Every structure is written in structure tokens, then in C-alpha cells.
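As stored in coords-v3.tsv (TSV, C-alpha atoms):
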```tsv
chain	number	residue	atom	x	y	z
A	1	MET	CA	-37.33	16.75	23.29
A	2	ASP	CA	-34.77	15.56	25.76
A	3	GLU	CA	-31.48	13.91	24.92
A	4	ARG	CA	-32.50	10.57	26.39
A	5	THR	CA	-35.46	10.30	24.01
A	6	GLU	CA	-33.30	11.29	21.06
A	7	ASN	CA	-30.74	8.63	21.98
A	8	LEU	CA	-33.41	5.95	22.36
A	9	ILE	CA	-34.90	6.82	18.98
A	10	THR	CA	-31.48	6.62	17.38
A	11	ARG	CA	-30.85	3.25	19.00
A	12	ARG	CA	-34.16	1.94	17.74
A	13	LEU	CA	-33.49	3.15	14.21
A	14	ASP	CA	-30.07	1.54	14.32
A	15	GLY	CA	-31.33	-1.77	15.68
A	16	GLU	CA	-29.30	-1.37	18.86
A	17	ILE	CA	-32.09	-0.92	21.35
A	18	THR	CA	-32.55	-3.44	24.15
A	19	GLU	CA	-35.95	-4.75	25.23
A	20	ALA	CA	-36.00	-2.59	28.35
A	21	GLU	CA	-35.05	0.49	26.35
A	22	SER	CA	-37.67	-0.34	23.74
A	23	LEU	CA	-40.35	-0.46	26.42
A	24	GLU	CA	-39.14	2.83	27.82
A	25	LEU	CA	-39.24	4.44	24.38
A	26	ASP	CA	-42.74	3.17	23.67
A	27	LYS	CA	-43.96	4.82	26.85
A	28	LEU	CA	-42.24	8.07	25.89
A	29	LEU	CA	-43.77	7.95	22.42
A	30	ILE	CA	-47.24	7.52	23.82
A	31	ARG	CA	-46.82	10.59	25.98
A	32	SER	CA	-44.95	12.81	23.52
A	33	PRO	CA	-46.27	13.78	20.07
A	34	GLU	CA	-42.98	15.59	19.53
A	35	ALA	CA	-41.06	12.36	20.05
A	36	ARG	CA	-43.40	10.52	17.65
A	37	ALA	CA	-42.88	13.23	15.03
A	38	TYR	CA	-39.13	13.05	15.54
A	39	LEU	CA	-39.13	9.27	15.14
A	40	ASP	CA	-41.22	9.48	11.97
A	41	GLU	CA	-38.99	12.17	10.54
A	42	GLN	CA	-35.79	10.31	11.35
A	43	GLU	CA	-37.19	7.10	9.88
A	44	ARG	CA	-37.95	8.95	6.68
A	45	LEU	CA	-34.52	10.60	6.59
A	46	SER	CA	-32.83	7.25	7.17
A	47	ARG	CA	-34.79	5.72	4.32
A	48	LEU	CA	-33.88	8.62	2.04
A	49	ALA	CA	-30.26	8.43	3.13
A	50	ARG	CA	-30.14	4.74	2.26
A	51	GLN	CA	-31.70	5.38	-1.14
A	52	SER	CA	-29.36	8.28	-1.86
A	53	LEU	CA	-26.28	6.33	-0.92
A	54	GLU	CA	-27.52	3.31	-2.83
A	55	THR	CA	-27.99	5.39	-5.96
A	56	ALA	CA	-24.89	7.50	-5.75
A	57	VAL	CA	-22.38	5.20	-4.14
A	58	VAL	CA	-23.41	1.63	-4.75
A	59	ALA	CA	-25.19	1.75	-8.08
A	60	ARG	CA	-21.87	2.11	-9.85
A	61	ASP	CA	-20.94	-1.36	-8.68
A	62	GLU	CA	-22.47	-2.94	-11.71
A	63	GLU	CA	-20.49	-0.74	-14.04
A	64	LYS	CA	-17.34	-1.79	-12.30
A	65	ARG	CA	-18.05	-5.49	-12.40
A	66	PRO	CA	-16.43	-6.20	-15.78
A	67	SER	CA	-13.11	-5.04	-14.38
A	68	LEU	CA	-13.41	-7.53	-11.56
A	69	ALA	CA	-12.75	-10.54	-13.75
A	70	PRO	CA	-9.94	-12.67	-12.30
A	71	ALA	CA	-7.74	-11.74	-15.22
A	72	ALA	CA	-7.97	-8.11	-14.15
A	73	TRP	CA	-5.81	-8.67	-11.10
A	74	PRO	CA	-2.22	-7.83	-11.86
A	75	ALA	CA	0.37	-10.54	-11.38
A	76	ARG	CA	1.85	-10.43	-7.92
A	77	VAL	CA	5.60	-10.16	-7.72
A	78	SER	CA	7.25	-11.29	-4.53
A	79	ARG	CA	10.27	-9.57	-3.05
A	80	TRP	CA	12.38	-12.55	-4.03
A	81	GLN	CA	11.17	-12.32	-7.63
A	82	ARG	CA	11.84	-8.60	-7.65
A	83	PHE	CA	15.35	-9.22	-6.34
A	84	MET	CA	16.02	-11.90	-8.95
A	85	ARG	CA	14.73	-9.66	-11.71
A	86	SER	CA	17.15	-6.95	-10.61
A	87	VAL	CA	20.06	-9.39	-10.55
A	88	VAL	CA	19.22	-10.66	-14.04
A	89	ALA	CA	18.89	-7.11	-15.34
A	90	VAL	CA	22.30	-6.10	-13.95
A	91	ALA	CA	23.89	-9.27	-15.34
A	92	ALA	CA	22.35	-8.58	-18.74
A	93	VAL	CA	23.84	-5.09	-18.75
A	94	PHE	CA	27.28	-6.48	-17.99
A	95	VAL	CA	27.03	-9.13	-20.70
A	96	LEU	CA	25.86	-6.55	-23.21
A	97	ALA	CA	28.72	-4.23	-22.29
A	98	ALA	CA	31.20	-7.09	-22.70
A	99	VAL	CA	29.80	-8.00	-26.12
A	100	VAL	CA	29.92	-4.39	-27.28
A	101	ALA	CA	33.53	-4.07	-26.13
A	102	THR	CA	34.60	-6.99	-28.32
A	103	LEU	CA	33.00	-5.63	-31.48
A	104	PRO	CA	35.43	-4.14	-34.07
A	105	VAL	CA	34.74	-0.47	-34.43
A	106	GLY	CA	36.18	1.77	-37.17
A	107	LYS	CA	39.97	1.69	-37.48
A	108	SER	CA	40.50	-0.39	-34.40
A	109	ARG	CA	40.38	-3.38	-36.70
A	110	SER	CA	43.76	-4.98	-36.53
A	111	ALA	CA	45.87	-6.04	-39.43
A	112	ASP	CA	48.02	-9.10	-39.60
A	113	PRO	CA	51.63	-8.86	-38.45
A	114	GLY	CA	53.93	-7.84	-41.24
A	115	THR	CA	51.37	-5.50	-42.74
A	116	LEU	CA	51.90	-1.88	-43.57
A	117	VAL	CA	48.76	0.01	-42.63
A	118	VAL	CA	48.19	3.11	-44.74
A	119	ASP	CA	45.74	5.85	-43.84
A	120	ARG	CA	44.77	7.49	-47.12
A	121	GLY	CA	43.27	10.48	-45.42
A	122	THR	CA	46.42	11.62	-43.72
A	123	GLY	CA	48.89	9.82	-45.91
A	124	ALA	CA	50.44	8.41	-42.76
A	125	ALA	CA	51.52	4.85	-42.62
A	126	ARG	CA	52.51	2.58	-39.83
A	127	GLN	CA	53.92	-0.84	-39.91
A	128	VAL	CA	52.56	-3.61	-37.88
A	129	GLU	CA	55.09	-5.52	-35.82
A	130	GLN	CA	57.33	-8.03	-37.55
A	131	PRO	CA	57.71	-6.13	-40.81
A	132	MET	CA	59.21	-7.54	-43.91
A	133	ASP	CA	58.84	-11.22	-43.76
A	134	THR	CA	60.40	-13.76	-45.97
A	135	VAL	CA	57.93	-16.34	-47.13
A	136	PRO	CA	58.36	-19.31	-49.36
A	137	VAL	CA	56.59	-19.09	-52.69
A	138	SER	CA	56.01	-22.42	-54.25
A	139	ASP	CA	54.85	-23.41	-57.69
A	140	GLY	CA	51.31	-22.35	-58.28
A	141	GLY	CA	51.84	-19.24	-56.16
A	142	TRP	CA	50.64	-15.79	-57.01
A	143	PRO	CA	50.04	-15.16	-60.69
A	144	GLY	CA	52.83	-13.19	-62.26
A	145	LEU	CA	55.33	-14.13	-59.60
A	146	PRO	CA	58.37	-16.22	-60.19
A	147	ARG	CA	57.44	-19.80	-59.83
A	148	ALA	CA	59.72	-20.81	-57.04
A	149	GLY	CA	62.22	-19.61	-54.54
A	150	ARG	CA	62.08	-17.47	-51.42
A	151	HIS	CA	60.77	-13.95	-51.72
A	152	GLN	CA	60.32	-11.07	-49.37
A	153	VAL	CA	56.68	-10.20	-49.11
A	154	ILE	CA	55.03	-7.34	-47.29
A	155	GLY	CA	51.36	-6.61	-47.02
A	156	VAL	CA	49.91	-3.11	-47.33
A	157	TYR	CA	46.49	-2.93	-45.78
A	158	ASP	CA	44.19	-0.21	-47.08
A	159	ASP	CA	41.97	0.73	-44.18
A	160	GLU	CA	39.49	2.53	-46.39
A	161	THR	CA	38.82	-0.15	-48.96
A	162	GLY	CA	39.57	-3.09	-46.71
A	163	SER	CA	42.05	-4.41	-49.28
A	164	LEU	CA	45.37	-6.03	-48.57
A	165	TYR	CA	48.12	-5.41	-51.12
A	166	LEU	CA	50.78	-8.06	-51.10
A	167	LEU	CA	54.09	-6.68	-52.32
A	168	GLU	CA	56.66	-9.22	-53.23
A	169	MET	CA	60.32	-8.36	-53.51
A	170	SER	CA	62.31	-10.79	-55.58
A	171	PRO	CA	66.00	-10.89	-54.63
A	172	ARG	CA	66.91	-12.28	-58.07
A	173	THR	CA	64.97	-9.89	-60.31
A	174	ASP	CA	64.95	-6.98	-57.89
A	175	ARG	CA	61.47	-6.05	-58.96
A	176	SER	CA	58.22	-6.11	-57.14
A	177	THR	CA	54.81	-7.37	-58.10
A	178	GLU	CA	51.59	-6.99	-56.28
A	179	GLU	CA	48.46	-8.89	-55.66
A	180	VAL	CA	45.28	-7.52	-54.18
A	181	ARG	CA	43.19	-9.54	-51.80
A	182	ASP	CA	39.99	-8.29	-50.45
A	183	PHE	CA	38.94	-9.06	-46.92
B	1	MET	CA	-34.46	-5.61	19.07
B	2	ARG	CA	-30.78	-6.14	19.07
B	3	ARG	CA	-29.78	-8.34	16.19
B	4	PRO	CA	-26.84	-10.76	16.18
B	5	GLU	CA	-23.48	-9.22	15.50
B	6	LEU	CA	-22.37	-9.49	11.92
B	7	ALA	CA	-18.95	-10.31	13.23
B	8	GLU	CA	-20.24	-13.58	14.60
B	9	PHE	CA	-20.63	-15.17	11.20
B	10	ASP	CA	-20.18	-12.80	8.29
B	11	ILE	CA	-16.65	-11.68	8.99
B	12	ASP	CA	-15.38	-15.16	9.74
B	13	ALA	CA	-16.93	-16.47	6.55
B	14	GLN	CA	-14.54	-14.25	4.66
B	15	GLN	CA	-11.43	-15.59	6.34
B	16	PRO	CA	-11.00	-18.62	4.03
B	17	VAL	CA	-11.50	-16.26	1.11
B	18	ILE	CA	-8.75	-14.02	2.42
B	19	GLU	CA	-6.52	-17.05	2.88
B	20	ALA	CA	-7.15	-18.06	-0.75
B	21	ILE	CA	-6.28	-14.52	-1.86
B	22	ARG	CA	-3.06	-14.79	0.08
B	23	GLN	CA	-2.29	-17.90	-1.94
B	24	GLY	CA	-2.84	-15.94	-5.14
B	25	ASP	CA	-6.32	-17.15	-6.04
B	26	SER	CA	-7.68	-14.42	-8.31
B	27	TYR	CA	-11.17	-15.97	-8.34
B	28	ALA	CA	-11.27	-15.62	-4.57
B	29	MET	CA	-10.27	-12.01	-4.98
B	30	THR	CA	-13.11	-11.37	-7.37
B	31	GLU	CA	-15.52	-12.98	-4.94
B	32	PHE	CA	-14.11	-10.97	-2.08
B	33	VAL	CA	-14.63	-7.75	-3.99
B	34	ARG	CA	-18.23	-8.66	-4.81
B	35	HIS	CA	-18.91	-9.38	-1.19
B	36	ASN	CA	-17.28	-6.30	0.27
B	37	GLU	CA	-17.57	-3.62	-2.33
B	38	ARG	CA	-20.58	-1.92	-0.79
B	39	TRP	CA	-19.10	-1.06	2.56
B	40	VAL	CA	-15.70	-0.20	1.11
B	41	ARG	CA	-17.39	2.25	-1.23
B	42	GLY	CA	-19.24	3.57	1.79
B	43	VAL	CA	-16.01	4.11	3.70
B	44	ILE	CA	-14.47	5.95	0.77
B	45	PHE	CA	-17.54	8.09	0.24
B	46	GLY	CA	-17.65	8.77	3.96
B	47	ILE	CA	-14.15	10.21	3.76
B	48	LEU	CA	-14.30	11.92	0.38
B	49	GLY	CA	-17.80	13.25	0.84
B	50	ARG	CA	-18.39	13.02	-2.90
B	51	THR	CA	-18.81	10.43	-5.58
B	52	SER	CA	-16.31	11.72	-8.09
B	53	ASP	CA	-13.05	9.77	-7.83
B	54	LEU	CA	-14.94	7.03	-6.01
B	55	ASP	CA	-14.47	4.37	-8.68
B	56	ASP	CA	-10.79	5.13	-9.08
B	57	VAL	CA	-10.13	4.97	-5.36
B	58	VAL	CA	-12.11	1.75	-4.99
B	59	GLN	CA	-10.15	0.12	-7.79
B	60	ARG	CA	-6.91	1.24	-6.20
B	61	VAL	CA	-7.98	-0.24	-2.89
B	62	TRP	CA	-8.71	-3.64	-4.39
B	63	ILE	CA	-5.44	-3.76	-6.24
B	64	GLN	CA	-3.63	-2.95	-3.02
B	65	VAL	CA	-5.58	-5.61	-1.15
B	66	TRP	CA	-4.64	-8.13	-3.83
B	67	ARG	CA	-0.99	-7.21	-3.80
B	68	GLU	CA	-0.54	-6.98	-0.06
B	69	ALA	CA	-2.78	-9.77	1.17
B	70	ARG	CA	0.24	-11.82	2.14
B	71	ARG	CA	1.25	-9.14	4.62
B	72	LEU	CA	-1.95	-9.59	6.60
B	73	GLU	CA	-0.89	-11.60	9.59
B	74	ASP	CA	-4.07	-11.76	11.65
B	75	LEU	CA	-6.84	-13.00	9.36
B	76	SER	CA	-9.50	-12.14	11.91
B	77	ARG	CA	-8.57	-8.46	11.43
B	78	TRP	CA	-9.11	-8.53	7.69
B	79	ARG	CA	-11.97	-6.04	7.74
B	80	HIS	CA	-9.99	-3.51	9.74
B	81	TRP	CA	-7.04	-4.06	7.42
B	82	VAL	CA	-9.17	-3.40	4.33
B	83	TYR	CA	-10.67	-0.39	6.05
B	84	ARG	CA	-7.22	1.08	6.69
B	85	ILE	CA	-6.28	0.61	3.04
B	86	ALA	CA	-9.53	2.25	1.91
B	87	ARG	CA	-9.13	5.09	4.36
B	88	ASN	CA	-5.53	5.76	3.37
B	89	ALA	CA	-6.39	5.68	-0.33
B	90	ALA	CA	-9.25	8.13	0.17
B	91	THR	CA	-7.17	10.37	2.40
B	92	ASP	CA	-4.42	10.45	-0.23
B	93	VAL	CA	-6.93	11.66	-2.79
B	94	LEU	CA	-8.19	14.32	-0.39
B	95	ARG	CA	-4.68	15.52	0.31
B	96	ARG	CA	-3.80	15.64	-3.36
B	97	ARG	CA	-6.99	17.50	-4.09
B	98	ARG	CA	-6.28	20.05	-1.44
B	99	ARG	CA	-2.82	20.57	-2.85
B	100	GLU	CA	-4.08	21.00	-6.36
B	101	LYS	CA	-6.96	23.14	-5.14
B	102	ASP	CA	-9.25	21.09	-7.25
B	103	ALA	CA	-12.03	23.28	-8.58
B	104	ILE	CA	-14.17	20.54	-9.98
B	105	VAL	CA	-17.75	21.18	-9.08
B	106	ARG	CA	-19.20	18.21	-7.31
B	107	LYS	CA	-22.31	16.73	-8.65
B	108	ALA	CA	-23.46	16.37	-5.09
B	109	ASP	CA	-22.86	20.06	-4.53
B	110	THR	CA	-25.21	21.16	-7.23
B	111	PRO	CA	-28.10	22.84	-5.45
B	112	ALA	CA	-31.50	21.49	-6.27
B	113	ASP	CA	-33.69	23.70	-8.36
B	114	PRO	CA	-36.60	24.70	-6.13
B	115	GLY	CA	-38.79	25.43	-9.13
B	116	SER	CA	-38.34	22.04	-10.75
B	117	PRO	CA	-41.27	20.16	-12.30
B	118	ALA	CA	-43.66	18.41	-10.03
B	119	ASP	CA	-42.99	15.07	-11.63
B	120	ALA	CA	-42.94	12.56	-8.81
B	121	ARG	CA	-39.94	10.61	-10.08
B	122	LEU	CA	-37.91	13.74	-10.58
B	123	ALA	CA	-38.93	14.99	-7.17
B	124	GLY	CA	-37.73	11.71	-5.71
B	125	ARG	CA	-34.38	12.12	-7.41
B	126	GLU	CA	-34.09	15.66	-6.22
B	127	GLN	CA	-34.82	14.56	-2.70
B	128	GLU	CA	-32.14	11.92	-2.95
B	129	GLN	CA	-29.75	14.49	-4.31
B	130	LEU	CA	-30.54	16.88	-1.49
B	131	VAL	CA	-30.04	14.20	1.10
B	132	LEU	CA	-26.77	13.17	-0.52
B	133	GLU	CA	-25.59	16.77	-0.45
B	134	SER	CA	-26.47	17.01	3.21
B	135	ILE	CA	-24.65	13.78	4.00
B	136	ALA	CA	-21.64	15.03	2.05
B	137	ALA	CA	-21.75	18.28	4.02
B	138	LEU	CA	-21.58	16.51	7.38
B	139	PRO	CA	-18.24	16.76	9.17
B	140	GLU	CA	-16.16	13.70	8.39
B	141	ILE	CA	-16.28	12.37	11.94
B	142	TYR	CA	-20.07	12.14	11.68
B	143	ARG	CA	-20.31	11.28	8.01
B	144	GLU	CA	-18.17	8.18	8.20
B	145	PRO	CA	-20.17	6.26	10.83
B	146	PHE	CA	-23.41	7.52	9.31
B	147	VAL	CA	-22.53	6.15	5.87
B	148	LEU	CA	-21.34	2.83	7.27
B	149	LYS	CA	-24.54	2.51	9.25
B	150	HIS	CA	-26.80	3.30	6.34
B	151	MET	CA	-24.96	1.42	3.64
B	152	GLU	CA	-24.02	-1.76	5.43
B	153	ASP	CA	-26.15	-1.59	8.54
B	154	LEU	CA	-23.10	-2.36	10.64
B	155	SER	CA	-23.57	-2.45	14.39
B	156	TYR	CA	-22.09	0.20	16.66
B	157	LYS	CA	-19.50	-2.33	17.72
B	158	GLU	CA	-18.48	-3.12	14.15
B	159	ILE	CA	-18.30	0.52	13.20
B	160	GLY	CA	-16.29	1.18	16.35
B	161	GLU	CA	-13.87	-1.61	15.46
B	162	LEU	CA	-13.37	-0.21	12.01
B	163	LEU	CA	-12.94	3.38	13.09
B	164	GLY	CA	-11.04	2.55	16.24
B	165	LEU	CA	-13.72	4.11	18.45
B	166	PRO	CA	-15.71	2.89	21.47
B	167	SER	CA	-19.32	1.92	20.69
B	168	ASP	CA	-20.58	4.80	22.86
B	169	THR	CA	-18.71	7.29	20.73
B	170	VAL	CA	-20.14	5.77	17.58
B	171	GLU	CA	-23.62	6.11	19.01
B	172	THR	CA	-23.03	9.73	20.00
B	173	ARG	CA	-21.73	10.55	16.55
B	174	LEU	CA	-24.72	8.93	14.90
B	175	VAL	CA	-27.11	10.90	17.11
B	176	ARG	CA	-25.32	14.12	16.15
B	177	ALA	CA	-25.16	13.18	12.48
B	178	ARG	CA	-28.91	12.65	12.45
B	179	ARG	CA	-29.48	15.89	14.26
B	180	LEU	CA	-27.33	17.84	11.79
B	181	LEU	CA	-28.97	16.16	8.83
B	182	ARG	CA	-32.38	17.01	10.13
B	183	GLU	CA	-31.36	20.65	10.59
B	184	GLN	CA	-29.89	20.87	7.10
B	185	LEU	CA	-32.92	19.31	5.46
B	186	ALA	CA	-35.56	21.07	7.53
B	187	GLY	CA	-38.38	22.13	5.24
B	188	LYS	CA	-36.64	20.75	2.13
B	189	VAL	CA	-37.67	17.13	2.03
```
Please lay out the structure from this file as C-alpha cells.
Amino acid sequence: MDERTENLITRRLDGEITEAESLELDKLLIRSPEARAYLDEQERLSRLARQSLETAVVARDEEKRPSLAPAAWPARVSRWQRFMRSVVAVAAVFVLAAVVATLPVGKSRSADPGTLVVDRGTGAARQVEQPMDTVPVSDGGWPGLPRAGRHQVIGVYDDETGSLYLLEMSPRTDRSTEEVRDF
Amino acid sequence: MRRPELAEFDIDAQQPVIEAIRQGDSYAMTEFVRHNERWVRGVIFGILGRTSDLDDVVQRVWIQVWREARRLEDLSRWRHWVYRIARNAATDVLRRRRREKDAIVRKADTPADPGSPADARLAGREQEQLVLESIAALPEIYREPFVLKHMEDLSYKEIGELLGLPSDTVETRLVRARRLLREQLAGKV
């Protein structure tokens, strides 16, 4: 069978044949049993091909349908939204870092001025600025202290227990008393 | 007889749907998928030559269409745009498979048992399987237009637009695809 006949048969099968070509093919088919057999065979193969593809490729459509619900489509994020999200994320990191930096951690906790800070572990002590203050003690002051007059008071802050020991030096009695205040 | 071009009405009918998708209408997207799933599956099968991975690739294509619809500038080219997405997605899978030297045995590659029962229904299935194997075995340049033709009955012009080929070339490839198919299936179906 010649190429022209093969092309015309293909065009007919594909619905692309013109009226003139269709007439030409009909004449060829009348004359050629081989062409008729070829057309029949190709028609059958086309039908089988459609069925095969339908079964193997398209039939799964139905199984996929549930995933095609509108809710299945992921939210679209524009470039602008993506940019804003990045900015917010970076800002959040900075804020978090700032908050963490202000938190008291371990022995960085500061004591009040005039306080002697003692580290029990090493036995070392350091005095916070403005040591040895003179404070007025009025009536109703610390229990066990002289009722009135000016006294020298220092605080000793125990880092481990978080307790502040107030040591009072009385110039008149030359003795000290202490009071413990917990933070 | 030559039928009217699908492009004359079918493709344009999808343009408002595409526009709605661009606006973020997920219902339009669902409708779009229903309307176009057949030929997109055909394109992917035409490239992969097998049905495994088909569902995954199709799903990936639709998600990409949904996400990138706003980038489509010329609405009249929507079909070509979807085709490119489908083709790229399928090609990616092929490339990955080649890299991984995927040894999965294709269902379509399973040879039919010549001594199978004479049950007519089974014989029909076997025939379909054989034909599918033969289609899968066609070179990609022939398989792709052949699948598009037989799944969606697209015209030569439409297939040519999708594949970026002149109509004459599409016709030639279809003639050769049929010839090869006939040779492969000679005496089997």
C-alpha cells in the first residue's frame, strides 16, 4: 500500500479528511482490498487504543475526585505576603532576643547598693558600691534593735539562699544585731 | 469530514474559569480540573509511557496551576500553559527515575499470558493491556500526539499548538505511530 493511501486513511480516522480527499480515498478503497483491510485494522486498533487509555489513564479520575474539593487547594501566598511573613519572623526573633537578654540569669542578679554579696561556694565576698550606710532607725524599727537613733547598717546578701542579712552597728552599744529578710 | 476546531469554542469557554482561578476562586479550580483532567492525564501518560506515578504527577500539576495562575498573562494560551506545566512535571519524574534507576516493574510492561483462559472479558482486558503496552513502547515523539488524539480527539492543529509542532508534522507522527503500533501488535490482537 502506498504512502498516499496510508495518509488518507489516517486523516479519515482522525477526522481531518476533506471532502475531496474522502472521495479520493473511497475510490482507492474500492480498488484495493489491501487498503480496505488496512482501514479496518486501523479502525480496530484505534478503538482498542481508546479503550486501553480510557481504562488505564482516565478511569482513575473518579478515584481522584474526592481530592478535588475546593478545600483541597492550598492557600495561595503572594510574594508580598511572603515578604511580610519574613519581616514579621525576623522582628519576632529580635524581640525574643531582647526579652531573653533582660531576664535575670543565675548570679547576675544584682543586689542593692550597700550590700555585701557573699559567695558561699568560694567564700569570696564583694561589696556593692556605697558600702556602709548610715540609716535612721526610728521607733518601731527592727525587733531587738535600739529604739531610736542613727545606726550604721550593712546588708549581706546570700546569693545561694536569696536572703539579705541586715547587720546593724550601734555606735553607742558597739554591738551588732541582725535581721534576715527573704527576697 | 472535517469537524469544527475545538479551539473555536471549547478553549475560549475556559477563559472565564481561568480568570476566576486567577482571582483565587477554588470552586473554579475544581471545575477546571474536572473539565481538563482527561487530556492532562493523556499528556502525562504520553510522556511517562506508564500509569504508575500518573496520579501523583497530575495532582502536582493542578497544584502548580492553582498557585501560578496569576502568572499567566495571555489567557488565550491557557491550554499551552497547562501543557507546559504537565510536560515539565512529567519530565521531572522521568529524570528523577533515570537517576534513581528505578527498577519498579511497570504494570503495562507485564507481558500478556498467551495461554490465558478464553473468557471473553478477560481476553478483552488482555487485549487492552497489550495495546497499552504497545502505546507505552512507542517513542515519545509518536506516543504523545497519539495519546492526545485518542484521549481527547484533538485536531492536528490543536495538538500542534500544544506540542509546538506544525500540523503536517503532527500528521506524519500519527501515521508513523499507527504504523509502529500495527507492527507491534501484528498477530496479537
Within 8 Å of chain B, which residues of chain A are there when counting only C-alpha atoms? Please give them as a PyMOL selection string.
chain A and resi 6-7+10-12+14-19+22+42+45-46+48-54+56-58+60-61+64+68-71+73-74+76
Written file, previous selection with C-alpha atoms, as a CSV table (one decimal), keeping the file's coordinate frame:
```csv
chain,number,residue,atom,x,y,z
A,6,GLU,CA,-33.3,11.3,21.1
A,7,ASN,CA,-30.7,8.6,22.0
A,10,THR,CA,-31.5,6.6,17.4
A,11,ARG,CA,-30.8,3.2,19.0
A,12,ARG,CA,-34.2,1.9,17.7
A,14,ASP,CA,-30.1,1.5,14.3
A,15,GLY,CA,-31.3,-1.8,15.7
A,16,GLU,CA,-29.3,-1.4,18.9
A,17,ILE,CA,-32.1,-0.9,21.4
A,18,THR,CA,-32.6,-3.4,24.2
A,19,GLU,CA,-36.0,-4.8,25.2
A,22,SER,CA,-37.7,-0.3,23.7
A,42,GLN,CA,-35.8,10.3,11.4
A,45,LEU,CA,-34.5,10.6,6.6
A,46,SER,CA,-32.8,7.2,7.2
A,48,LEU,CA,-33.9,8.6,2.0
A,49,ALA,CA,-30.3,8.4,3.1
A,50,ARG,CA,-30.1,4.7,2.3
A,51,GLN,CA,-31.7,5.4,-1.1
A,52,SER,CA,-29.4,8.3,-1.9
A,53,LEU,CA,-26.3,6.3,-0.9
A,54,GLU,CA,-27.5,3.3,-2.8
A,56,ALA,CA,-24.9,7.5,-5.8
A,57,VAL,CA,-22.4,5.2,-4.1
A,58,VAL,CA,-23.4,1.6,-4.8
A,60,ARG,CA,-21.9,2.1,-9.8
A,61,ASP,CA,-20.9,-1.4,-8.7
A,64,LYS,CA,-17.3,-1.8,-12.3
A,68,LEU,CA,-13.4,-7.5,-11.6
A,69,ALA,CA,-12.8,-10.5,-13.8
A,70,PRO,CA,-9.9,-12.7,-12.3
A,71,ALA,CA,-7.7,-11.7,-15.2
A,73,TRP,CA,-5.8,-8.7,-11.1
A,74,PRO,CA,-2.2,-7.8,-11.9
A,76,ARG,CA,1.8,-10.4,-7.9
```
Spatial neighbours of B:Pro139, max dist 10 Å, only C-alpha atoms, sep filter under 5 positions, as a list in words: Gly46, Ile47, Gly49, Glu144, Ala177 and Leu180 of chain B
- In file coordinates, which residues lie within 12 Å of (-1.4, -11.8, 6.1) using all atoms listed in the file, given as a VMD selection string? chain B and resid 15 to 16 18 to 23 65 to 78 81 to 82
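Separating atom CA of B:His80 from atom CA of A:Ala75 is a distance of 24.6 Å.
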message = As an exercise, work out the distance from atom CA of B:Val43 to atom CA of B:Arg143 in Å and give it to one decimal place.
response =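 These two atoms are separated by 9.4 Å.
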One decimal place gives the atom CA of B:Leu163-atom CA of A:Leu39 separation as 26.9 Å
Return as lines of an AutoDock Vina configuration file the centre and edge lengths, in Å with one decimal, of the box along x, y and z that encloses every atom of stretch 83-91 of chain A in the file, padded by 4 Å per side.
```
center_x = 19.3
center_y = -9.0
center_z = -10.8
size_x = 17.2
size_y = 13.8
size_z = 17.0
```
Worksheet entry | Spatial neighbours of B:Ile159, max dist 8 Å, only C-alpha atoms, sep filter under 6 positions, as a PyMOL selection string | chain B and resi 145+148-149+165+167+170
Q. Neighbours of stretch 30-38 of chain A within 10 Å (only C-alpha atoms; same-chain residues fewer than 5 positions away dropped), as a count of residues only?
A. 9
From the block I gave, I'd like stretch 168-181 of chain B written with N, CA and C atoms, as an mmCIF file, in the first residue's frame.
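That gives us selection21.cif:
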```
data_model
loop_
_atom_site.group_PDB
_atom_site.id
_atom_site.type_symbol
_atom_site.label_atom_id
_atom_site.label_comp_id
_atom_site.auth_asym_id
_atom_site.auth_seq_id
_atom_site.Cartn_x
_atom_site.Cartn_y
_atom_site.Cartn_z
ATOM 1 N N ASP B 168 1.387 19.485 9.866
ATOM 2 C CA ASP B 168 1.897 18.425 8.978
ATOM 3 C C ASP B 168 2.744 17.421 9.754
ATOM 4 N N THR B 169 3.540 17.969 10.653
ATOM 5 C CA THR B 169 4.418 17.094 11.451
ATOM 6 C C THR B 169 3.574 16.202 12.366
ATOM 7 N N VAL B 170 2.534 16.793 12.918
ATOM 8 C CA VAL B 170 1.647 16.006 13.782
ATOM 9 C C VAL B 170 1.059 14.852 12.977
ATOM 10 N N GLU B 171 0.604 15.174 11.788
ATOM 11 C CA GLU B 171 0.000 14.144 10.939
ATOM 12 C C GLU B 171 1.010 13.039 10.636
ATOM 13 N N THR B 172 2.216 13.439 10.260
ATOM 14 C CA THR B 172 3.256 12.450 9.944
ATOM 15 C C THR B 172 3.532 11.550 11.140
ATOM 16 N N ARG B 173 3.590 12.171 12.323
ATOM 17 C CA ARG B 173 3.887 11.379 13.519
ATOM 18 C C ARG B 173 2.749 10.414 13.847
ATOM 19 N N LEU B 174 1.537 10.852 13.570
ATOM 20 C CA LEU B 174 0.397 9.958 13.828
ATOM 21 C C LEU B 174 0.393 8.784 12.852
ATOM 22 N N VAL B 175 0.743 9.071 11.604
ATOM 23 C CA VAL B 175 0.823 7.985 10.610
ATOM 24 C C VAL B 175 1.865 6.964 11.067
ATOM 25 N N ARG B 176 3.020 7.477 11.510
ATOM 26 C CA ARG B 176 4.100 6.565 11.930
ATOM 27 C C ARG B 176 3.734 5.830 13.223
ATOM 28 N N ALA B 177 3.068 6.529 14.102
ATOM 29 C CA ALA B 177 2.655 5.878 15.363
ATOM 30 C C ALA B 177 1.731 4.707 15.055
ATOM 31 N N ARG B 178 0.812 4.937 14.148
ATOM 32 C CA ARG B 178 -0.137 3.865 13.788
ATOM 33 C C ARG B 178 0.588 2.697 13.122
ATOM 34 N N ARG B 179 1.549 3.071 12.293
ATOM 35 C CA ARG B 179 2.285 2.023 11.597
ATOM 36 C C ARG B 179 3.061 1.156 12.600
ATOM 37 N N LEU B 180 3.731 1.834 13.539
ATOM 38 C CA LEU B 180 4.512 1.098 14.552
ATOM 39 C C LEU B 180 3.611 0.233 15.429
ATOM 40 N N LEU B 181 2.482 0.794 15.782
ATOM 41 C CA LEU B 181 1.537 0.063 16.641
ATOM 42 C C LEU B 181 1.054 -1.199 15.932
#
```
